[in-house]
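Pasted below: entry.cif, mmCIF, C-alpha atoms and all ligand atoms.
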data_model
loop_
_atom_site.label_atom_id
_atom_site.label_comp_id
_atom_site.auth_asym_id
_atom_site.auth_seq_id
_atom_site.Cartn_x
_atom_site.Cartn_y
_atom_site.Cartn_z
CA MET A 1 -2.03 -12.62 13.74
CA ASN A 2 1.28 -13.41 12.05
CA HIS A 3 4.06 -10.85 11.81
CA THR A 4 7.50 -10.68 10.25
CA THR A 5 10.11 -7.90 10.16
CA ARG A 6 11.84 -6.38 7.14
CA HIS A 7 15.04 -4.45 7.73
CA ALA A 8 16.11 -1.46 5.67
CA ILE A 9 18.68 -2.26 2.96
CA HIS A 10 21.66 -0.15 1.84
CA PRO A 11 21.55 0.64 -1.91
CA GLU A 12 25.17 -0.53 -2.32
CA ASP A 13 24.29 -3.97 -0.88
CA PHE A 14 21.11 -4.09 -2.95
CA LYS A 15 23.21 -4.22 -6.15
CA ALA A 16 24.47 -7.70 -5.25
CA TYR A 17 21.03 -9.22 -4.61
CA GLY A 18 19.76 -12.05 -6.77
CA THR A 19 16.17 -13.11 -7.34
CA GLN A 20 15.67 -14.92 -4.01
CA LYS A 21 17.14 -12.16 -1.86
CA LEU A 22 15.22 -9.45 -3.69
CA ARG A 23 11.98 -11.34 -3.09
CA GLU A 24 12.83 -12.09 0.54
CA HIS A 25 13.50 -8.44 1.36
CA PHE A 26 11.01 -6.59 -0.83
CA LEU A 27 8.09 -8.81 -1.86
CA MET A 28 5.18 -9.49 0.49
CA GLU A 29 3.26 -12.63 -0.49
CA ASN A 30 0.38 -14.38 1.34
CA LEU A 31 -1.13 -11.25 2.87
CA PHE A 32 -4.53 -12.94 3.03
CA VAL A 33 -4.89 -15.94 5.31
CA LYS A 34 -8.40 -17.02 6.36
CA ASP A 35 -9.57 -15.42 9.66
CA SER A 36 -6.14 -13.91 10.27
CA ILE A 37 -4.14 -10.70 10.02
CA GLU A 38 -0.83 -11.04 8.22
CA LEU A 39 1.51 -8.13 8.69
CA VAL A 40 5.02 -7.02 7.87
CA TYR A 41 6.77 -4.58 10.22
CA THR A 42 9.24 -2.69 8.08
CA LEU A 43 12.17 -0.55 9.19
CA TYR A 44 11.35 1.87 6.36
CA ASP A 45 9.81 4.67 8.40
CA ARG A 46 8.40 1.84 10.55
CA LEU A 47 5.54 1.39 8.10
CA ILE A 48 3.48 -1.73 8.73
CA VAL A 49 1.95 -3.41 5.68
CA GLY A 50 -0.88 -5.86 6.33
CA GLY A 51 -3.77 -7.87 5.01
CA VAL A 52 -6.93 -9.02 6.79
CA HIS A 53 -9.14 -11.83 5.48
CA PRO A 54 -12.13 -12.43 7.79
CA VAL A 55 -14.17 -15.31 6.36
CA SER A 56 -15.88 -17.32 9.12
CA GLN A 57 -15.35 -14.88 12.00
CA SER A 58 -14.50 -11.26 12.80
CA VAL A 59 -10.83 -10.43 13.28
CA ARG A 60 -9.47 -7.94 15.80
CA LEU A 61 -6.40 -5.77 15.22
CA ASP A 62 -4.32 -6.79 18.22
CA THR A 63 -1.04 -5.39 19.39
CA PHE A 64 2.09 -7.52 18.89
CA PRO A 65 5.52 -7.67 20.57
CA ASN A 66 7.36 -5.20 18.28
CA LEU A 67 5.03 -2.40 19.40
CA ARG A 68 5.32 -2.91 23.19
CA SER A 69 2.05 -1.03 23.48
CA GLU A 70 -1.24 -2.07 25.01
CA ASN A 71 -3.18 -1.44 21.81
CA PHE A 72 -2.04 -1.43 18.19
CA LEU A 73 -2.93 2.23 17.69
CA ASP A 74 -1.57 3.68 20.96
CA ARG A 75 1.26 5.38 19.01
CA ARG A 76 0.10 4.75 15.43
CA GLU A 77 -2.31 5.75 12.72
CA ILE A 78 -3.69 3.35 10.11
CA GLY A 79 -5.17 3.54 6.63
CA ILE A 80 -7.39 0.65 5.53
CA ILE A 81 -8.61 0.07 1.98
CA ASN A 82 -11.26 -2.51 1.16
CA VAL A 83 -9.86 -4.72 -1.61
CA GLY A 84 -12.73 -7.22 -1.45
CA PRO A 85 -16.55 -7.03 -1.51
CA GLU A 86 -18.49 -4.64 0.74
CA ALA A 87 -17.71 -5.35 4.40
CA ASN A 88 -17.72 -3.64 7.80
CA VAL A 89 -15.02 -2.42 10.14
CA THR A 90 -15.87 -1.47 13.75
CA VAL A 91 -13.80 1.28 15.35
CA ASP A 92 -14.31 1.62 19.13
CA GLY A 93 -17.94 0.54 18.73
CA THR A 94 -18.78 2.52 15.59
CA ASP A 95 -19.49 0.53 12.41
CA TYR A 96 -18.16 1.70 9.06
CA THR A 97 -19.39 -0.01 5.90
CA LEU A 98 -16.70 0.01 3.25
CA ALA A 99 -17.72 -0.53 -0.36
CA PRO A 100 -15.04 -1.97 -2.66
CA LYS A 101 -11.99 0.34 -2.74
CA GLU A 102 -13.34 2.66 -0.05
CA ALA A 103 -10.86 3.73 2.61
CA LEU A 104 -10.88 4.31 6.34
CA TYR A 105 -8.36 6.47 8.19
CA ILE A 106 -8.13 5.72 11.90
CA GLY A 107 -6.19 8.03 14.18
CA LYS A 108 -3.88 7.37 17.09
CA GLY A 109 -5.45 6.35 20.39
CA VAL A 110 -8.29 4.16 19.11
CA LYS A 111 -8.46 1.03 21.25
CA GLU A 112 -10.36 -1.48 19.17
CA VAL A 113 -10.52 -2.14 15.44
CA VAL A 114 -12.50 -5.19 14.28
CA PHE A 115 -12.74 -6.42 10.69
CA HIS A 116 -15.88 -8.36 9.74
CA PRO A 117 -16.62 -10.99 7.10
CA ALA A 118 -18.63 -9.83 4.05
CA GLN A 119 -22.29 -10.76 3.52
CA THR A 120 -21.47 -11.89 -0.01
CA GLY A 121 -18.04 -13.17 -1.00
CA GLU A 122 -14.84 -13.11 1.03
CA ALA A 123 -13.76 -9.90 2.77
CA ARG A 124 -10.24 -8.61 2.16
CA PHE A 125 -8.75 -5.47 3.67
CA TYR A 126 -5.28 -4.05 2.96
CA PHE A 127 -3.68 -1.63 5.37
CA ASN A 128 -0.67 0.55 6.03
CA SER A 129 0.15 1.89 9.49
CA ALA A 130 2.78 4.44 10.54
CA PRO A 131 3.92 5.91 13.86
CA ALA A 132 1.82 8.94 14.89
CA HIS A 133 2.31 11.59 17.56
CA HIS A 134 -1.01 13.36 17.23
CA THR A 135 -4.61 12.18 17.03
CA TYR A 136 -6.54 13.04 13.89
CA PRO A 137 -10.20 12.01 13.60
CA THR A 138 -11.21 8.71 12.11
CA LYS A 139 -12.70 9.27 8.65
CA LYS A 140 -14.13 7.13 5.88
CA VAL A 141 -13.22 8.26 2.37
CA SER A 142 -15.14 7.14 -0.71
CA LEU A 143 -13.59 7.08 -4.17
CA ALA A 144 -15.78 10.07 -5.11
CA GLU A 145 -14.20 12.12 -2.31
CA ALA A 146 -10.66 11.27 -3.41
CA GLU A 147 -8.49 13.78 -5.25
CA THR A 148 -8.53 12.20 -8.70
CA VAL A 149 -6.20 12.72 -11.66
CA GLU A 150 -5.98 11.05 -15.06
CA MET A 151 -2.42 10.28 -16.15
CA GLY A 152 -0.70 8.85 -19.18
CA ALA A 153 -2.11 7.75 -22.52
CA LEU A 154 -3.04 4.50 -24.24
CA GLU A 155 -0.35 5.20 -26.88
CA ASN A 156 2.22 4.87 -24.07
CA SER A 157 0.39 1.91 -22.49
CA ASN A 158 0.00 3.89 -19.27
CA HIS A 159 -3.45 5.51 -19.24
CA ARG A 160 -4.56 5.39 -15.61
CA THR A 161 -6.68 7.07 -12.94
CA ILE A 162 -4.87 8.02 -9.74
CA ARG A 163 -7.22 8.41 -6.77
CA LYS A 164 -5.49 10.08 -3.85
CA VAL A 165 -7.71 8.76 -1.08
CA LEU A 166 -5.75 9.45 2.08
CA ILE A 167 -4.13 12.74 1.13
CA ASN A 168 -3.92 15.87 3.26
CA SER A 169 -6.47 17.79 1.15
CA VAL A 170 -9.02 15.04 1.94
CA VAL A 171 -8.06 13.68 5.36
CA GLU A 172 -5.65 14.88 8.03
CA SER A 173 -2.91 12.43 8.98
CA CYS A 174 0.50 12.56 10.64
CA GLN A 175 2.57 10.94 7.89
CA LEU A 176 0.43 8.40 6.09
CA GLN A 177 -0.70 8.90 2.49
CA MET A 178 -2.52 6.27 0.42
CA GLY A 179 -4.24 6.01 -2.91
CA VAL A 180 -5.69 3.70 -5.52
CA THR A 181 -4.46 3.73 -9.12
CA GLU A 182 -6.53 1.96 -11.79
CA LEU A 183 -5.02 1.08 -15.15
CA LYS A 184 -7.34 1.34 -18.18
CA THR A 185 -7.83 -1.71 -20.39
CA GLY A 186 -4.82 -1.99 -22.69
CA SER A 187 -2.61 0.10 -20.41
CA VAL A 188 -0.06 -1.82 -18.36
CA TRP A 189 2.62 0.61 -17.11
CA ASN A 190 2.28 2.38 -13.79
CA THR A 191 4.44 5.26 -12.61
CA MET A 192 6.27 5.85 -15.88
CA PRO A 193 8.24 8.17 -16.05
CA ALA A 194 9.48 6.57 -12.82
CA HIS A 195 10.42 8.63 -9.80
CA THR A 196 12.00 8.51 -6.36
CA HIS A 197 11.14 10.58 -3.30
CA ASP A 198 13.99 10.60 -0.85
CA ARG A 199 11.78 11.93 1.93
CA ARG A 200 9.29 9.06 1.82
CA MET A 201 9.30 5.30 1.48
CA GLU A 202 6.47 3.62 -0.39
CA ALA A 203 4.65 0.28 -0.65
CA TYR A 204 2.70 -0.94 -3.69
CA PHE A 205 -0.07 -3.55 -3.40
CA TYR A 206 -1.26 -5.05 -6.68
CA PHE A 207 -4.83 -6.36 -7.06
CA GLU A 208 -7.59 -6.80 -9.66
CA LEU A 209 -4.94 -8.63 -11.68
CA PRO A 210 -6.28 -11.82 -13.35
CA GLY A 211 -4.93 -14.96 -11.64
CA ASP A 212 -2.99 -16.08 -14.70
CA GLN A 213 -1.34 -12.66 -15.28
CA MET A 214 1.56 -10.91 -13.52
CA VAL A 215 3.17 -7.54 -12.95
CA CYS A 216 6.88 -7.08 -13.47
CA HIS A 217 7.76 -4.52 -10.80
CA PHE A 218 10.94 -2.47 -11.15
CA LEU A 219 12.94 -1.25 -8.17
CA GLY A 220 16.41 0.08 -7.37
CA GLU A 221 18.25 3.31 -8.00
CA PRO A 222 17.22 4.70 -11.42
CA GLN A 223 20.56 3.75 -12.98
CA GLU A 224 20.73 0.32 -11.29
CA THR A 225 17.30 -1.28 -11.55
CA ARG A 226 16.17 -4.81 -10.77
CA HIS A 227 12.80 -6.47 -11.15
CA ILE A 228 10.44 -8.68 -9.15
CA TRP A 229 7.57 -10.65 -10.69
CA VAL A 230 4.44 -9.97 -8.63
CA LYS A 231 1.13 -11.86 -8.50
CA ASN A 232 -2.35 -10.62 -7.70
CA ASN A 233 -2.78 -9.56 -4.03
CA GLU A 234 0.96 -9.21 -3.38
CA ALA A 235 2.84 -6.12 -2.24
CA VAL A 236 6.33 -4.69 -2.78
CA LEU A 237 8.40 -2.34 -0.62
CA SER A 238 10.15 0.67 -2.08
CA PRO A 239 13.02 2.26 -0.12
CA PRO A 240 13.32 6.05 -0.43
CA TRP A 241 16.21 5.67 -2.93
CA SER A 242 14.29 3.31 -5.20
CA ILE A 243 12.07 3.77 -8.21
CA HIS A 244 8.76 1.89 -8.06
CA SER A 245 7.12 1.18 -11.36
CA GLY A 246 5.59 -1.87 -12.95
CA ALA A 247 4.37 -3.29 -16.22
CA GLY A 248 1.62 -5.91 -16.19
CA THR A 249 0.82 -8.65 -18.67
CA SER A 250 -2.68 -7.14 -18.40
CA ASN A 251 -4.17 -4.10 -16.71
CA TYR A 252 -4.68 -4.11 -12.94
CA THR A 253 -5.23 -1.82 -9.95
CA PHE A 254 -2.76 -1.02 -7.19
CA ILE A 255 -2.66 0.74 -3.85
CA TRP A 256 0.27 2.97 -3.05
CA GLY A 257 1.03 4.04 0.49
CA MET A 258 3.76 6.31 1.81
CA ALA A 259 5.23 7.47 5.09
CA GLY A 260 8.19 9.65 5.99
CA GLU A 261 9.41 13.21 6.21
CA ASN A 262 6.51 15.09 4.62
CA LEU A 263 2.96 14.86 3.28
CA ASP A 264 3.80 16.44 -0.07
CA TYR A 265 2.62 14.02 -2.77
CA ASN A 266 4.24 16.09 -5.53
CA ASP A 267 7.65 16.08 -3.88
CA MET A 268 9.13 13.54 -6.28
CA ASP A 269 12.12 13.42 -8.60
CA LYS A 270 11.04 12.09 -11.99
CA PHE A 271 13.61 10.45 -14.23
CA PRO A 272 13.56 10.76 -18.01
CA ILE A 273 12.60 7.34 -19.38
CA THR A 274 15.72 7.21 -21.55
CA ASP A 275 17.99 7.67 -18.49
CA LEU A 276 16.88 4.44 -16.80
CA LYS A 277 19.41 1.64 -16.62
O1 LIG B 301 4.45 8.69 -5.13
C1 LIG B 301 3.37 8.40 -5.73
C2 LIG B 301 3.15 7.05 -6.17
O2 LIG B 301 4.31 6.42 -6.60
C3 LIG B 301 1.93 6.77 -7.06
O3 LIG B 301 0.88 7.64 -6.77
C4 LIG B 301 2.20 6.78 -8.55
C5 LIG B 301 1.05 6.21 -9.32
O4 LIG B 301 0.04 5.82 -8.80
C6 LIG B 301 1.20 6.14 -10.80
O5 LIG B 301 1.93 6.96 -11.35
O6 LIG B 301 0.57 5.27 -11.42
ZN ZN B 302 6.16 7.24 -5.50
#

What is this file in structure tokens?
Amino acid sequence: MNHTTRHAIHPEDFKAYGTQKLREHFLMENLFVKDSIELVYTLYDRLIVGGVHPVSQSVRLDTFPNLRSENFLDRREIGIINVGPEANVTVDGTDYTLAPKEALYIGKGVKEVVFHPAQTGEARFYFNSAPAHHTYPTKKVSLAEAETVEMGALENSNHRTIRKVLINSVVESCQLQMGVTELKTGSVWNTMPAHTHDRRMEAYFYFELPGDQMVCHFLGEPQETRHIWVKNNEAVLSPPWSIHSGAGTSNYTFIWGMAGENLDYNDMDKFPITDLK
């Protein structure tokens, strides 16, 4: 397992960041390394963002020094979404088969989580983990069980399906919320009109983006935005004061995950498009 730390950034300092610094602090590349877990421990609500890529052997979710706990989930909950072909995850001896884009919520106190290679193709799992002070049951959530909404329109290049997978109407969690948003062919903009939610941070993970295409992800306070060019299978952090919205050179799918003060998905402040700067 490889881990790095990302500190929280003040919005006033953020204004002075150039391309390299923006990427260093907000972009998460190389989340999938063969037979390894790559994770980023952030100081935004202590959310951990990670990728698991078991190819020739199973990979165990081990604790690491930042946690000072015996097991990874002693004081944490985790949401896992399968971003590869069908593959299994074992949770304290129970096997869960995750079809592509299916999710697994695992509550605090679980001792062992093992990710397995796929039968066909290369397994890839993306996860977010947040501190938890209560144990909620482990639960697999299929896309059919997700709370699903259609947003936007092709005329605005933002027709998309938002599947709220780990949301409190579907699965109980302490602070974690996650979902999968799929852009329709010809639609490239996510999260427009853009919003902030001061009570929660967020992370976006882009996938199903052709290898020769990219997403231009916008971040920053609504009147002081910057951009980061993002490739397939890369993730971006969004501080609570930042918008998070992207336009692709093709359509794509992304996973959003949040942690913080509340579990209220609709608690967001939307900005009129014409007010962005
Ligand atoms: O706070 C919620 C998140 O930013 C996403 O759910 C937004 C999203 O998927 C979209 O509009 O495309
Ligand atoms: Zn958001």

Sorted by chain and rising residue number, which residues of segment 141-223 of chain A lie within 8 Å of segment 104-115 of chain A, and what are their closest atom pairs and distances in Å to one decimal, counting all atoms listed in the file, as CSV?
residue,atom,partner,partner_atom,distance
A:Val141,CA,A:Leu104,CA,6.1
A:Leu166,CA,A:Tyr105,CA,7.3
A:Val171,CA,A:Tyr105,CA,7.8
A:Ser173,CA,A:Gly107,CA,7.6

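When the distance limit is 8 Å and all atoms listed in the file are what count, the residues near Glu234 of chain A, minus those fewer than 3 positions from it on the same chain, are A:Leu27, A:Met28, A:Glu29, A:Asn30, A:Leu31, A:Phe205, A:Tyr206, A:Phe207, A:Val230, A:Lys231.
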
Which residues form the shell of 9 Å around ligand LIG 301 (chain B) when you count all atoms listed in the file, given as an MDAnalysis selection string?
chainID A and resid 151:152 158:164 178:183 189:197 200:204 243:246 254:258 265:268

Rounded to one decimal, what separation in Å do you get between atom CA of Asp95 of chain A and atom CA of Ile80 of chain A?
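Separation between atom CA of Asp95 of chain A and atom CA of Ile80 of chain A: 13.9 Å.
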
From A:Tyr41, A:Phe32, A:Tyr252, A:Trp241, residue lying nearest ligand ZN 302 (chain B) [all atoms listed in the file]
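Among the listed residues, A:Trp241 lies closest to ligand ZN 302 (chain B).
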
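The smallest atom-to-atom distance between Thr253 of chain A and any of A:Ile81, A:Val215, A:Leu209, A:Ile228, using all atoms listed in the file, is found for A:Leu209.
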
Which of A:Asp198, A:Glu172, A:Glu122, A:Glu102 sits closest to Ala146 of chain A [using all atoms listed in the file]:
A:Glu102

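Put simply, atom CA of Val52 of chain A is 13.2 Å away from atom CA of Ile78 of chain A.
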
Residue among A:Leu67, A:Ala259, A:Met1, A:Ala144 lying closest to ligand ZN 302 (chain B), counting all atoms listed in the file:
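For ligand ZN 302 (chain B), the nearest of the given residues is A:Ala259.
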
What is the atom CA of Thr4 of chain A-atom CA of Asn66 of chain A distance in Å, reported with one decimal?
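Rounded to one decimal, the two atoms are 9.7 Å apart.
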
Restricting the calculation to only C-alpha atoms and all ligand atoms, which member of A:Pro65, A:Pro240, A:Gly121, A:Gly51 is positioned closest to ligand ZN 302 (chain B)?
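With only C-alpha atoms and all ligand atoms as the atom set, the closest residue is A:Pro240.
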
Contacts of Phe64 of chain A at 12 Å or less, counting all atoms listed in the file, minus same-chain residues fewer than 4 places along, as a PyMOL selection string?
chain A and resi 1-5+37-41+48+60+68-74

Could you save those same residues with C-alpha atoms as a CSV table (one decimal), keeping the file's coordinate frame?
chain,number,residue,atom,x,y,z
A,1,MET,CA,-2.0,-12.6,13.7
A,2,ASN,CA,1.3,-13.4,12.0
A,3,HIS,CA,4.1,-10.8,11.8
A,4,THR,CA,7.5,-10.7,10.2
A,5,THR,CA,10.1,-7.9,10.2
A,37,ILE,CA,-4.1,-10.7,10.0
A,38,GLU,CA,-0.8,-11.0,8.2
A,39,LEU,CA,1.5,-8.1,8.7
A,40,VAL,CA,5.0,-7.0,7.9
A,41,TYR,CA,6.8,-4.6,10.2
A,48,ILE,CA,3.5,-1.7,8.7
A,60,ARG,CA,-9.5,-7.9,15.8
A,68,ARG,CA,5.3,-2.9,23.2
A,69,SER,CA,2.0,-1.0,23.5
A,70,GLU,CA,-1.2,-2.1,25.0
A,71,ASN,CA,-3.2,-1.4,21.8
A,72,PHE,CA,-2.0,-1.4,18.2
A,73,LEU,CA,-2.9,2.2,17.7
A,74,ASP,CA,-1.6,3.7,21.0

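Nearest residue to ligand ZN 302 (chain B) among A:Gln177, A:Pro272, A:Pro131, A:Met214 is A:Gln177, counting all atoms listed in the file.
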
If we count all atoms listed in the file, what is near segment 13-26 of chain A at a cut-off of 8 Å, once residues fewer than 5 positions away on the same chain are taken out, given as an MDAnalysis selection string?
chainID A and resid 6:7 220 224 228 236:238

Requested file, segment 68-82 of chain A restricted to N, CA and C atoms, as a PDB file, in the first residue's frame:
ATOM      1  N   ARG A  68      -3.022   5.100  13.136  1.00  0.00           N
ATOM      2  CA  ARG A  68      -2.698   4.588  14.470  1.00  0.00           C
ATOM      3  C   ARG A  68      -3.832   3.726  15.014  1.00  0.00           C
ATOM      4  N   SER A  69      -4.322   2.837  14.173  1.00  0.00           N
ATOM      5  CA  SER A  69      -5.355   1.900  14.612  1.00  0.00           C
ATOM      6  C   SER A  69      -4.929   0.513  14.142  1.00  0.00           C
ATOM      7  N   GLU A  70      -5.451  -0.488  14.802  1.00  0.00           N
ATOM      8  CA  GLU A  70      -5.051  -1.859  14.489  1.00  0.00           C
ATOM      9  C   GLU A  70      -5.547  -2.274  13.107  1.00  0.00           C
ATOM     10  N   ASN A  71      -6.782  -1.866  12.809  1.00  0.00           N
ATOM     11  CA  ASN A  71      -7.371  -2.173  11.511  1.00  0.00           C
ATOM     12  C   ASN A  71      -7.831  -0.872  10.848  1.00  0.00           C
ATOM     13  N   PHE A  72      -7.872  -0.876   9.536  1.00  0.00           N
ATOM     14  CA  PHE A  72      -8.240   0.319   8.775  1.00  0.00           C
ATOM     15  C   PHE A  72      -9.602   0.881   9.226  1.00  0.00           C
ATOM     16  N   LEU A  73     -10.551  -0.036   9.473  1.00  0.00           N
ATOM     17  CA  LEU A  73     -11.922   0.423   9.738  1.00  0.00           C
ATOM     18  C   LEU A  73     -12.281   0.491  11.227  1.00  0.00           C
ATOM     19  N   ASP A  74     -11.283   0.504  12.108  1.00  0.00           N
ATOM     20  CA  ASP A  74     -11.583   0.585  13.548  1.00  0.00           C
ATOM     21  C   ASP A  74     -12.373   1.853  13.891  1.00  0.00           C
ATOM     22  N   ARG A  75     -12.067   2.961  13.208  1.00  0.00           N
ATOM     23  CA  ARG A  75     -12.778   4.229  13.472  1.00  0.00           C
ATOM     24  C   ARG A  75     -13.278   4.854  12.180  1.00  0.00           C
ATOM     25  N   ARG A  76     -13.521   4.011  11.161  1.00  0.00           N
ATOM     26  CA  ARG A  76     -13.858   4.531   9.831  1.00  0.00           C
ATOM     27  C   ARG A  76     -14.935   3.711   9.165  1.00  0.00           C
ATOM     28  N   GLU A  77     -15.586   4.347   8.207  1.00  0.00           N
ATOM     29  CA  GLU A  77     -16.494   3.656   7.291  1.00  0.00           C
ATOM     30  C   GLU A  77     -15.900   3.818   5.893  1.00  0.00           C
ATOM     31  N   ILE A  78     -16.327   2.961   4.955  1.00  0.00           N
ATOM     32  CA  ILE A  78     -15.777   3.031   3.608  1.00  0.00           C
ATOM     33  C   ILE A  78     -16.869   2.745   2.573  1.00  0.00           C
ATOM     34  N   GLY A  79     -16.779   3.426   1.461  1.00  0.00           N
ATOM     35  CA  GLY A  79     -17.658   3.160   0.322  1.00  0.00           C
ATOM     36  C   GLY A  79     -16.782   2.754  -0.846  1.00  0.00           C
ATOM     37  N   ILE A  80     -17.084   1.604  -1.442  1.00  0.00           N
ATOM     38  CA  ILE A  80     -16.275   1.069  -2.540  1.00  0.00           C
ATOM     39  C   ILE A  80     -17.156   0.999  -3.779  1.00  0.00           C
ATOM     40  N   ILE A  81     -16.661   1.459  -4.908  1.00  0.00           N
ATOM     41  CA  ILE A  81     -17.410   1.310  -6.164  1.00  0.00           C
ATOM     42  C   ILE A  81     -16.522   0.579  -7.159  1.00  0.00           C
ATOM     43  N   ASN A  82     -17.091  -0.444  -7.789  1.00  0.00           N
ATOM     44  CA  ASN A  82     -16.350  -1.224  -8.772  1.00  0.00           C
ATOM     45  C   ASN A  82     -16.271  -0.438 -10.089  1.00  0.00           C
TER      46      ASN A  82
END
